file coords_27.pdb (PDB, C-alpha atoms)
ATOM      1  CA  MET D   1       0.000   0.000   0.000
ATOM      2  CA  ASP D   2       2.956   2.293   0.928
ATOM      3  CA  ASP D   3       3.026   5.731  -0.654
ATOM      4  CA  ARG D   4      -0.288   5.292  -2.441
ATOM      5  CA  ILE D   5      -2.003   5.934   0.884
ATOM      6  CA  ARG D   6      -0.784   9.527   0.673
ATOM      7  CA  ALA D   7      -1.737   9.985  -2.978
ATOM      8  CA  ARG D   8      -4.967   8.057  -3.504
ATOM      9  CA  CYS D   9      -8.319   8.265  -1.709
ATOM     10  CA  ASP D  10      -9.140   4.620  -2.487
ATOM     11  CA  CYS D  11      -5.934   3.458  -0.774
ATOM     12  CA  PHE D  12      -6.621   5.771   2.172
ATOM     13  CA  TYR D  13     -10.118   4.285   2.393
ATOM     14  CA  GLN D  14      -8.793   0.728   2.466
ATOM     15  CA  VAL D  15      -6.696   1.371   5.595
ATOM     16  CA  LEU D  16      -9.171   3.650   7.363
ATOM     17  CA  SER D  17     -10.435   1.094   9.894
ATOM     18  CA  ASP D  18      -6.883   0.005  10.641
ATOM     19  CA  TYR D  19      -5.951   3.655  11.195
ATOM     20  CA  ILE D  20      -8.826   4.277  13.584
ATOM     21  CA  ASP D  21      -8.072   1.087  15.516
ATOM     22  CA  GLY D  22      -4.350   1.872  15.755
ATOM     23  CA  GLU D  23      -3.392  -1.138  13.650
ATOM     24  CA  LEU D  24      -1.130   0.720  11.202
ATOM     25  CA  SER D  25       2.617   1.126  11.540
ATOM     26  CA  GLU D  26       3.831   4.589  12.468
ATOM     27  CA  GLU D  27       5.017   5.083   8.902
ATOM     28  CA  GLU D  28       1.628   4.125   7.430
ATOM     29  CA  ALA D  29      -0.211   6.273   9.959
ATOM     30  CA  GLY D  30       2.020   9.174   8.927
ATOM     31  CA  LEU D  31       1.015   8.670   5.293
ATOM     32  CA  VAL D  32      -2.650   8.713   6.324
ATOM     33  CA  ARG D  33      -2.124  11.999   8.168
ATOM     34  CA  GLU D  34      -0.361  13.458   5.130
ATOM     35  CA  HIS D  35      -3.276  12.381   2.935
ATOM     36  CA  LEU D  36      -5.717  14.038   5.321
ATOM     37  CA  LEU D  37      -3.808  17.318   5.169
ATOM     38  CA  LEU D  38      -4.252  17.362   1.406
ATOM     39  CA  CYS D  39      -7.772  15.959   1.131
ATOM     40  CA  PRO D  40     -10.702  17.697   2.908
ATOM     41  CA  PRO D  41     -13.294  15.116   1.691
ATOM     42  CA  CYS D  42     -11.318  12.270   3.268
ATOM     43  CA  LEU D  43     -11.023  14.277   6.494
ATOM     44  CA  VAL D  44     -14.828  14.552   6.662
ATOM     45  CA  TYR D  45     -15.110  10.861   5.771
ATOM     46  CA  LEU D  46     -12.703   9.983   8.589
ATOM     47  CA  GLU D  47     -14.741  11.973  11.123
ATOM     48  CA  GLN D  48     -17.926  10.220  10.020
ATOM     49  CA  PHE D  49     -16.170   6.870  10.348
ATOM     50  CA  ARG D  50     -15.055   7.814  13.854
ATOM     51  CA  ILE D  51     -18.637   8.545  14.878
ATOM     52  CA  VAL D  52     -19.711   5.147  13.535
ATOM     53  CA  HIS D  53     -16.860   3.548  15.472
ATOM     54  CA  GLN D  54     -17.867   5.344  18.682
ATOM     55  CA  ALA D  55     -21.511   4.327  18.302
ATOM     56  CA  CYS D  56     -20.458   0.679  18.066
ATOM     57  CA  GLY D  57     -18.336   1.036  21.177
ATOM     58  CA  LYS D  58     -21.154   1.969  23.542
ATOM     59  CA  VAL D  59     -20.676  -1.259  25.462
ATOM     60  CA  GLU D  60     -20.730   0.216  28.945
ATOM     61  CA  SER D  61     -24.063   1.921  28.433
ATOM     62  CA  ASP D  62     -26.132  -1.222  28.542
ATOM     63  CA  ASP D  63     -28.687  -0.757  31.245
ATOM     64  CA  LEU D  64     -29.472  -4.059  32.805
ATOM     65  CA  PRO D  65     -33.112  -4.788  33.543
ATOM     66  CA  ALA D  66     -34.155  -3.979  37.110
ATOM     67  CA  ASP D  67     -34.812  -7.637  37.797
ATOM     68  CA  PHE D  68     -31.519  -8.838  36.319
ATOM     69  CA  ASP D  69     -30.394 -10.643  39.489
ATOM     70  CA  VAL D  70     -33.782 -12.383  39.627
ATOM     71  CA  VAL D  71     -33.345 -13.437  36.005
ATOM     72  CA  MET D  72     -29.911 -14.849  36.781
ATOM     73  CA  GLN D  73     -31.284 -16.711  39.785
ATOM     74  CA  GLY D  74     -33.934 -18.067  37.462
ATOM     75  CA  VAL D  75     -31.192 -19.677  35.409
ATOM     76  CA  MET D  76     -29.750 -21.319  38.502
ATOM     77  CA  THR D  77     -33.201 -22.483  39.617
ATOM     78  CA  ALA D  78     -33.943 -23.983  36.202
ATOM     79  CA  TRP D  79     -30.585 -25.775  36.244
ATOM     80  CA  ARG D  80     -31.230 -27.232  39.715
ATOM     81  CA  LYS D  81     -34.673 -28.317  38.625
ATOM     82  CA  ASP D  82     -33.229 -30.008  35.558
ATOM     83  CA  ARG D  83     -30.663 -31.863  37.662
ATOM     84  CA  CYS D  84     -32.698 -32.738  40.700
ATOM     85  CA  GLY D  85     -36.315 -31.947  40.015
ATOM     86  CA  ASP D  86     -36.190 -29.589  42.998
ATOM     87  CA  PRO D  87     -36.221 -25.843  42.314
ATOM     88  CA  GLU D  88     -35.057 -24.813  45.778
ATOM     89  CA  PRO D  89     -32.295 -26.808  47.495
ATOM     90  CA  GLY D  90     -33.272 -27.746  51.032
ATOM     91  CA  SER D  91     -36.934 -26.908  50.487
TER      92      SER D  91
ATOM     93  CA  MET K  92      -6.870 -34.345  21.531
ATOM     94  CA  GLU K  93      -5.122 -31.202  22.736
ATOM     95  CA  VAL K  94      -6.955 -29.429  25.527
ATOM     96  CA  ALA K  95      -5.999 -25.795  25.198
ATOM     97  CA  HIS K  96      -8.190 -24.484  27.995
ATOM     98  CA  ALA K  97      -7.692 -26.831  30.926
ATOM     99  CA  ASP K  98      -9.004 -24.373  33.545
ATOM    100  CA  ASP K  99     -12.244 -24.054  31.633
ATOM    101  CA  VAL K 100     -12.491 -27.849  31.343
ATOM    102  CA  GLU K 101     -12.097 -28.169  35.095
ATOM    103  CA  LEU K 102     -14.773 -25.536  35.629
ATOM    104  CA  ALA K 103     -17.102 -27.363  33.239
ATOM    105  CA  HIS K 104     -16.450 -30.675  35.002
ATOM    106  CA  ARG K 105     -17.351 -29.082  38.331
ATOM    107  CA  ILE K 106     -20.602 -27.782  36.831
ATOM    108  CA  ALA K 107     -21.379 -31.188  35.341
ATOM    109  CA  ALA K 108     -20.835 -32.670  38.815
ATOM    110  CA  GLY K 109     -23.387 -30.239  40.256
ATOM    111  CA  ASP K 110     -21.031 -27.699  41.833
ATOM    112  CA  GLU K 111     -23.257 -24.662  42.567
ATOM    113  CA  ALA K 112     -20.340 -22.251  43.042
ATOM    114  CA  ALA K 113     -18.898 -23.173  39.653
ATOM    115  CA  ALA K 114     -22.281 -22.706  37.977
ATOM    116  CA  GLU K 115     -22.768 -19.323  39.638
ATOM    117  CA  GLU K 116     -19.294 -18.265  38.549
ATOM    118  CA  VAL K 117     -20.147 -18.930  34.917
ATOM    119  CA  VAL K 118     -23.608 -17.372  35.123
ATOM    120  CA  ARG K 119     -22.292 -14.207  36.771
ATOM    121  CA  SER K 120     -19.199 -13.817  34.598
ATOM    122  CA  LEU K 121     -21.038 -14.271  31.294
ATOM    123  CA  GLY K 122     -24.573 -13.087  32.011
ATOM    124  CA  ARG K 123     -24.140  -9.319  31.775
ATOM    125  CA  GLU K 124     -21.935  -9.456  28.728
ATOM    126  CA  MET K 125     -24.247 -11.869  26.957
ATOM    127  CA  PHE K 126     -27.271  -9.745  27.754
ATOM    128  CA  GLY K 127     -25.544  -6.635  26.408
ATOM    129  CA  PHE K 128     -24.509  -8.357  23.200
ATOM    130  CA  ALA K 129     -27.945  -9.925  22.684
ATOM    131  CA  ARG K 130     -29.746  -6.663  23.342
ATOM    132  CA  ARG K 131     -27.659  -4.805  20.814
ATOM    133  CA  MET K 132     -28.126  -7.549  18.256
ATOM    134  CA  LEU K 133     -31.864  -7.982  18.833
ATOM    135  CA  SER K 134     -32.796  -4.397  19.838
ATOM    136  CA  ASP K 135     -35.218  -5.858  22.350
ATOM    137  CA  SER K 136     -34.515  -6.312  26.067
ATOM    138  CA  GLY K 137     -37.094  -9.058  26.521
ATOM    139  CA  ALA K 138     -35.802 -11.117  23.615
ATOM    140  CA  ALA K 139     -32.231 -10.517  24.792
ATOM    141  CA  GLU K 140     -33.114 -11.725  28.270
ATOM    142  CA  ASP K 141     -34.660 -14.882  26.819
ATOM    143  CA  ALA K 142     -31.637 -15.565  24.615
ATOM    144  CA  MET K 143     -29.245 -15.000  27.508
ATOM    145  CA  GLN K 144     -31.217 -17.238  29.891
ATOM    146  CA  GLU K 145     -31.532 -20.022  27.343
ATOM    147  CA  THR K 146     -27.823 -19.801  26.551
ATOM    148  CA  LEU K 147     -26.676 -19.863  30.157
ATOM    149  CA  LEU K 148     -28.937 -22.809  30.882
ATOM    150  CA  ALA K 149     -27.613 -24.607  27.803
ATOM    151  CA  ILE K 150     -24.052 -24.029  29.033
ATOM    152  CA  LEU K 151     -24.840 -25.415  32.495
ATOM    153  CA  LYS K 152     -26.806 -28.393  31.185
ATOM    154  CA  GLY K 153     -24.244 -29.128  28.457
ATOM    155  CA  ALA K 154     -21.112 -28.623  30.566
ATOM    156  CA  SER K 155     -20.239 -32.326  30.401
ATOM    157  CA  LYS K 156     -19.885 -31.986  26.613
ATOM    158  CA  PHE K 157     -17.388 -29.112  26.790
ATOM    159  CA  ASP K 158     -14.019 -30.359  25.525
ATOM    160  CA  GLY K 159     -11.743 -27.334  25.974
ATOM    161  CA  ARG K 160     -10.788 -26.875  22.351
ATOM    162  CA  VAL K 161     -12.022 -23.298  22.601
ATOM    163  CA  PRO K 162     -12.454 -21.160  25.741
ATOM    164  CA  LEU K 163     -15.678 -21.790  27.652
ATOM    165  CA  ARG K 164     -16.629 -18.187  26.979
ATOM    166  CA  ALA K 165     -16.242 -18.612  23.220
ATOM    167  CA  TRP K 166     -18.226 -21.852  23.374
ATOM    168  CA  GLY K 167     -21.009 -20.055  25.232
ATOM    169  CA  PHE K 168     -21.057 -17.126  22.856
ATOM    170  CA  GLY K 169     -21.279 -19.617  19.999
ATOM    171  CA  ILE K 170     -24.500 -20.956  21.533
ATOM    172  CA  LEU K 171     -25.798 -17.418  22.032
ATOM    173  CA  ARG K 172     -25.040 -16.507  18.426
ATOM    174  CA  HIS K 173     -27.131 -19.461  17.231
ATOM    175  CA  LYS K 174     -30.044 -18.364  19.405
ATOM    176  CA  ILE K 175     -29.795 -14.783  18.127
ATOM    177  CA  THR K 176     -29.650 -16.030  14.538
ATOM    178  CA  ASP K 177     -32.766 -18.145  15.119
ATOM    179  CA  THR K 178     -34.612 -15.181  16.604
ATOM    180  CA  LEU K 179     -33.647 -12.891  13.729
ATOM    181  CA  ARG K 180     -34.578 -15.541  11.190
ATOM    182  CA  LYS K 181     -38.025 -15.856  12.750
ATOM    183  CA  ARG K 182     -38.345 -12.103  12.319
ATOM    184  CA  GLY K 183     -37.485 -12.509   8.664
ATOM    185  CA  ARG K 184     -33.867 -11.380   8.867
ATOM    186  CA  GLU K 185     -31.583 -13.888   7.193
ATOM    187  CA  ALA K 186     -27.966 -14.248   8.294
ATOM    188  CA  VAL K 187     -26.300 -12.957   5.189
ATOM    189  CA  ILE K 188     -22.595 -12.278   4.960
ATOM    190  CA  GLY K 189     -21.911  -8.845   3.551
ATOM    191  CA  ASP K 190     -19.121  -9.582   1.107
ATOM    192  CA  VAL K 191     -19.316  -6.505  -1.088
ATOM    193  CA  ASP K 192     -17.453  -3.319  -0.295
ATOM    194  CA  PRO K 193     -20.061  -0.541   0.006
ATOM    195  CA  GLU K 194     -17.662   1.916  -1.638
ATOM    196  CA  ARG K 195     -16.595  -0.366  -4.485
ATOM    197  CA  ASP K 196     -17.912   2.087  -7.112
ATOM    198  CA  ALA K 197     -17.044   5.277  -5.257
ATOM    199  CA  PHE K 198     -13.645   5.961  -6.833
ATOM    200  CA  ASN K 199     -12.473   6.988 -10.288
ATOM    201  CA  ALA K 200      -9.565   5.424 -12.174
ATOM    202  CA  LYS K 201      -7.087   7.675 -10.384
ATOM    203  CA  GLY K 202      -8.329   6.558  -6.998
ATOM    204  CA  ALA K 203     -10.143   9.797  -6.135
ATOM    205  CA  TRP K 204     -13.728  10.028  -4.908
ATOM    206  CA  LYS K 205     -16.184  10.388  -7.770
ATOM    207  CA  HIS K 206     -18.413  12.460  -5.492
ATOM    208  CA  MET K 207     -16.609  14.538  -2.904
ATOM    209  CA  ASN K 208     -19.542  16.315  -1.308
ATOM    210  CA  PHE K 209     -19.268  14.764   2.161
ATOM    211  CA  ALA K 210     -20.830  17.044   4.759
ATOM    212  CA  PRO K 211     -19.728  16.892   8.408
ATOM    213  CA  TRP K 212     -22.203  15.319  10.826
ATOM    214  CA  ARG K 213     -23.186  16.938  14.082
ATOM    215  CA  GLU K 214     -21.923  14.870  16.997
ATOM    216  CA  ASP K 215     -25.160  14.674  18.926
ATOM    217  CA  GLU K 216     -27.631  12.083  20.135
ATOM    218  CA  GLU K 217     -29.725  12.331  16.980
ATOM    219  CA  THR K 218     -26.739  11.427  14.834
ATOM    220  CA  LEU K 219     -25.827   8.528  17.103
ATOM    221  CA  GLN K 220     -29.403   7.260  16.902
ATOM    222  CA  VAL K 221     -29.308   7.361  13.100
ATOM    223  CA  VAL K 222     -26.027   5.452  13.181
ATOM    224  CA  ARG K 223     -27.495   2.848  15.539
ATOM    225  CA  ASP K 224     -30.572   2.504  13.341
ATOM    226  CA  CYS K 225     -28.296   1.897  10.362
ATOM    227  CA  MET K 226     -26.392  -0.758  12.287
ATOM    228  CA  GLU K 227     -29.632  -2.703  12.545
ATOM    229  CA  THR K 228     -29.816  -2.883   8.770
ATOM    230  CA  LEU K 229     -26.428  -4.571   8.463
ATOM    231  CA  PRO K 230     -26.122  -8.221   7.507
ATOM    232  CA  LEU K 231     -25.895 -10.251  10.698
ATOM    233  CA  ARG K 232     -22.256 -11.174  10.229
ATOM    234  CA  GLN K 233     -21.142  -7.563   9.943
ATOM    235  CA  ARG K 234     -23.236  -6.507  12.884
ATOM    236  CA  GLU K 235     -21.847  -9.299  15.034
ATOM    237  CA  ALA K 236     -18.322  -8.285  14.053
ATOM    238  CA  LEU K 237     -18.879  -4.661  15.021
ATOM    239  CA  GLU K 238     -20.480  -5.529  18.344
ATOM    240  CA  LEU K 239     -18.040  -8.273  19.296
ATOM    241  CA  PHE K 240     -15.063  -6.130  18.329
ATOM    242  CA  ALA K 241     -16.381  -3.393  20.584
ATOM    243  CA  VAL K 242     -16.748  -5.926  23.414
ATOM    244  CA  GLU K 243     -13.442  -7.683  22.939
ATOM    245  CA  GLY K 244     -11.163  -4.710  22.381
ATOM    246  CA  LYS K 245      -9.029  -3.592  19.579
ATOM    247  CA  ASP K 246      -6.882  -6.618  18.818
ATOM    248  CA  GLY K 247     -10.010  -8.565  18.002
ATOM    249  CA  VAL K 248      -8.382 -11.976  18.367
ATOM    250  CA  GLU K 249     -11.110 -13.372  20.567
ATOM    251  CA  ALA K 250     -13.837 -11.696  18.527
ATOM    252  CA  ALA K 251     -12.411 -13.413  15.444
ATOM    253  CA  ALA K 252     -12.387 -16.753  17.261
ATOM    254  CA  LEU K 253     -15.994 -16.263  18.343
ATOM    255  CA  LEU K 254     -17.037 -15.585  14.759
ATOM    256  CA  GLY K 255     -14.958 -18.443  13.380
ATOM    257  CA  VAL K 256     -12.904 -16.185  11.098
ATOM    258  CA  THR K 257      -9.263 -15.157  11.004
ATOM    259  CA  PRO K 258      -8.290 -11.799  12.523
ATOM    260  CA  VAL K 259      -7.526 -10.584   8.991
ATOM    261  CA  ASN K 260     -11.012 -11.538   7.817
ATOM    262  CA  LEU K 261     -12.511  -9.917  10.880
ATOM    263  CA  ARG K 262     -10.796  -6.653   9.984
ATOM    264  CA  GLN K 263     -12.274  -6.776   6.495
ATOM    265  CA  ILE K 264     -15.761  -7.548   7.824
ATOM    266  CA  LEU K 265     -15.391  -4.694  10.332
ATOM    267  CA  HIS K 266     -14.287  -2.246   7.687
ATOM    268  CA  ARG K 267     -17.121  -3.075   5.331
ATOM    269  CA  GLY K 268     -19.612  -2.976   8.179
ATOM    270  CA  ARG K 269     -18.484   0.445   9.342
ATOM    271  CA  SER K 270     -18.438   1.655   5.769
ATOM    272  CA  ALA K 271     -21.981   0.427   5.163
ATOM    273  CA  VAL K 272     -23.219   2.100   8.355
ATOM    274  CA  ARG K 273     -21.495   5.366   7.408
ATOM    275  CA  LYS K 274     -23.045   5.294   3.963
ATOM    276  CA  CYS K 275     -26.515   4.531   5.318
ATOM    277  CA  ALA K 276     -26.277   7.242   7.996
ATOM    278  CA  ASP K 277     -24.913   9.822   5.571
ATOM    279  CA  ALA K 278     -27.850   9.233   3.249
ATOM    280  CA  LYS K 279     -30.306   9.712   6.127
ATOM    281  CA  LEU K 280     -28.557  12.678   7.717
ATOM    282  CA  GLY K 281     -28.001  14.343   4.379
ATOM    283  CA  SER K 282     -31.603  13.860   3.280
ATOM    284  CA  ASP K 283     -32.803  15.438   6.534
ATOM    285  CA  GLU K 284     -31.022  18.680   5.801
ATOM    286  CA  ASP K 285     -32.912  21.596   4.382
TER     287      ASP K 285
END
call {"tool": "encode", "arguments": {"input": "coords_27.pdb", "output": "structure tokens"}}
result
Amino acid sequence: MDDRIRARCDCFYQVLSDYIDGELSEEEAGLVREHLLLCPPCLVYLEQFRIVHQACGKVESDDLPADFDVVMQGVMTAWRKDRCGDPEPGS
Amino acid sequence: MEVAHADDVELAHRIAAGDEAAAEEVVRSLGREMFGFARRMLSDSGAAEDAMQETLLAILKGASKFDGRVPLRAWGFGILRHKITDTLRKRGREAVIGDVDPERDAFNAKGAWKHMNFAPWREDEETLQVVRDCMETLPLRQREALELFAVEGKDGVEAAALLGVTPVNLRQILHRGRSAVRKCADAKLGSDED
């Protein structure tokens, strides 16, 4: 890919995800930055790609249901019942 | 047979023998993550809860069959992925692999954009919602890749293992998925402008 990253939008596009994820070598990342200095459309494209990337990364925002612990206990109860036919040990 | 994940095999054996602490360990360590993944894939908390419960129960009941060739976590997520696929299929969404680059026709012979009129997006909740809506239109494989990559972190090795692809293939699926979401969102955000 080498120097074409600096000169061609299609080559820039091909390494865009790798650039955002920090997967490129320092030399390749430098070529991407040089391309961006010369190419306003690709700069806008990069920013849009970043927003997409951030939207996918909203892992911590999952709000668990209020009864989540009850749901998890339900799994354990169903497992006990399957094994022993007794939903509550000792009952 | 090589057992690469001996600790997980021991844990599974304890579960198969009825060890409550071992079962709780698995349920607690995987439950939240599985719920989060299922909810993002299914866009429905109730359906996600069902898929997570069914998966965890399948792991506990099937622990004696776990052979340690993959991590217990990957094995469990494999079960969850099947349940999510079944649910989506019942809704009429087929699990199609997106194998075409969304921007394949976007460049001229010199490698420049044919259309260069990209407009910046506002970074606000409305934009994020449009992006999330577009994610739901992705082929299942691409959507799984994006979500699992976000869960597993940037090297993506485990996400690739969970999807049964090489890390190189995962990167291609990720790139095309992001590109498809960008294109979809840009069309919606652009068309909303006055």
call {"tool": "resolve_selection", "arguments": {"input": "coords_27.pdb", "expression": "the ChimeraX specification (/K :<10) & /D", "output": "VMD selection string"}}
result
chain D and resid 4 7 to 18 20 to 23 39 to 65 68 to 69 71 to 80 82 to 84
call {"tool": "axis_aligned_box", "arguments": {"input": "coords_27.pdb", "around": "range 167-175 of chain K", "padding_each_side": "8 Å", "output": "AutoDock Vina command-line options"}}
result
--center_x -25.5 --center_y -17.9 --center_z 21.2 --size_x 25.0 --size_y 22.2 --size_z 24.0
call {"tool": "atom_distance", "arguments": {"input": "coords_27.pdb", "atom1": "CA of Lys181 in chain K", "atom2": "CA of Ala250 in chain K"}}
result
25.2 Å
call {"tool": "atom_distance", "arguments": {"input": "coords_27.pdb", "atom1": "CA of Pro162 in chain K", "atom2": "CA of Glu101 in chain K"}}
result
11.7 Å
call {"tool": "residues_near_point", "arguments": {"input": "coords_27.pdb", "point": "(0.3, 7.0, 4.9)", "cutoff": "8 Å", "atoms": "only C-alpha atoms", "output": "CSV table (one decimal) with C-alpha atoms, keeping the file's coordinate frame"}}
result
chain,number,residue,atom,x,y,z
D,2,ASP,CA,3.0,2.3,0.9
D,3,ASP,CA,3.0,5.7,-0.7
D,4,ARG,CA,-0.3,5.3,-2.4
D,5,ILE,CA,-2.0,5.9,0.9
D,6,ARG,CA,-0.8,9.5,0.7
D,12,PHE,CA,-6.6,5.8,2.2
D,27,GLU,CA,5.0,5.1,8.9
D,28,GLU,CA,1.6,4.1,7.4
D,29,ALA,CA,-0.2,6.3,10.0
D,30,GLY,CA,2.0,9.2,8.9
D,31,LEU,CA,1.0,8.7,5.3
D,32,VAL,CA,-2.6,8.7,6.3
D,33,ARG,CA,-2.1,12.0,8.2
D,34,GLU,CA,-0.4,13.5,5.1
D,35,HIS,CA,-3.3,12.4,2.9
call {"tool": "atom_distance", "arguments": {"input": "coords_27.pdb", "atom1": "CA of Leu121 in chain K", "atom2": "CA of Leu163 in chain K"}}
result
9.9 Å
call {"tool": "closest_residue", "arguments": {"input": "coords_27.pdb", "among": "K:Val259, K:Met132, K:Leu102, K:Arg232", "to": "Asp158 in chain K", "atoms": "only C-alpha atoms"}}
result
K:Leu102
call {"tool": "residues_around", "arguments": {"input": "coords_27.pdb", "residues": "Leu133 in chain K", "least_positions_apart": "4", "cutoff": "9 Å", "atoms": "only C-alpha atoms", "output": "PyMOL selection string"}}
result
chain K and resi 128-129+138-139+175+178-179+227
call {"tool": "write_last_selection", "arguments": {"input": "coords_27.pdb", "atoms": "C-alpha atoms", "output": "JSON list (two decimals), in the frame of the given file"}}
result
[["chain", "number", "residue", "atom", "x", "y", "z"],
["K", 128, "PHE", "CA", -24.51, -8.36, 23.20],
["K", 129, "ALA", "CA", -27.94, -9.93, 22.68],
["K", 138, "ALA", "CA", -35.80, -11.12, 23.62],
["K", 139, "ALA", "CA", -32.23, -10.52, 24.79],
["K", 175, "ILE", "CA", -29.80, -14.78, 18.13],
["K", 178, "THR", "CA", -34.61, -15.18, 16.60],
["K", 179, "LEU", "CA", -33.65, -12.89, 13.73],
["K", 227, "GLU", "CA", -29.63, -2.70, 12.54]]
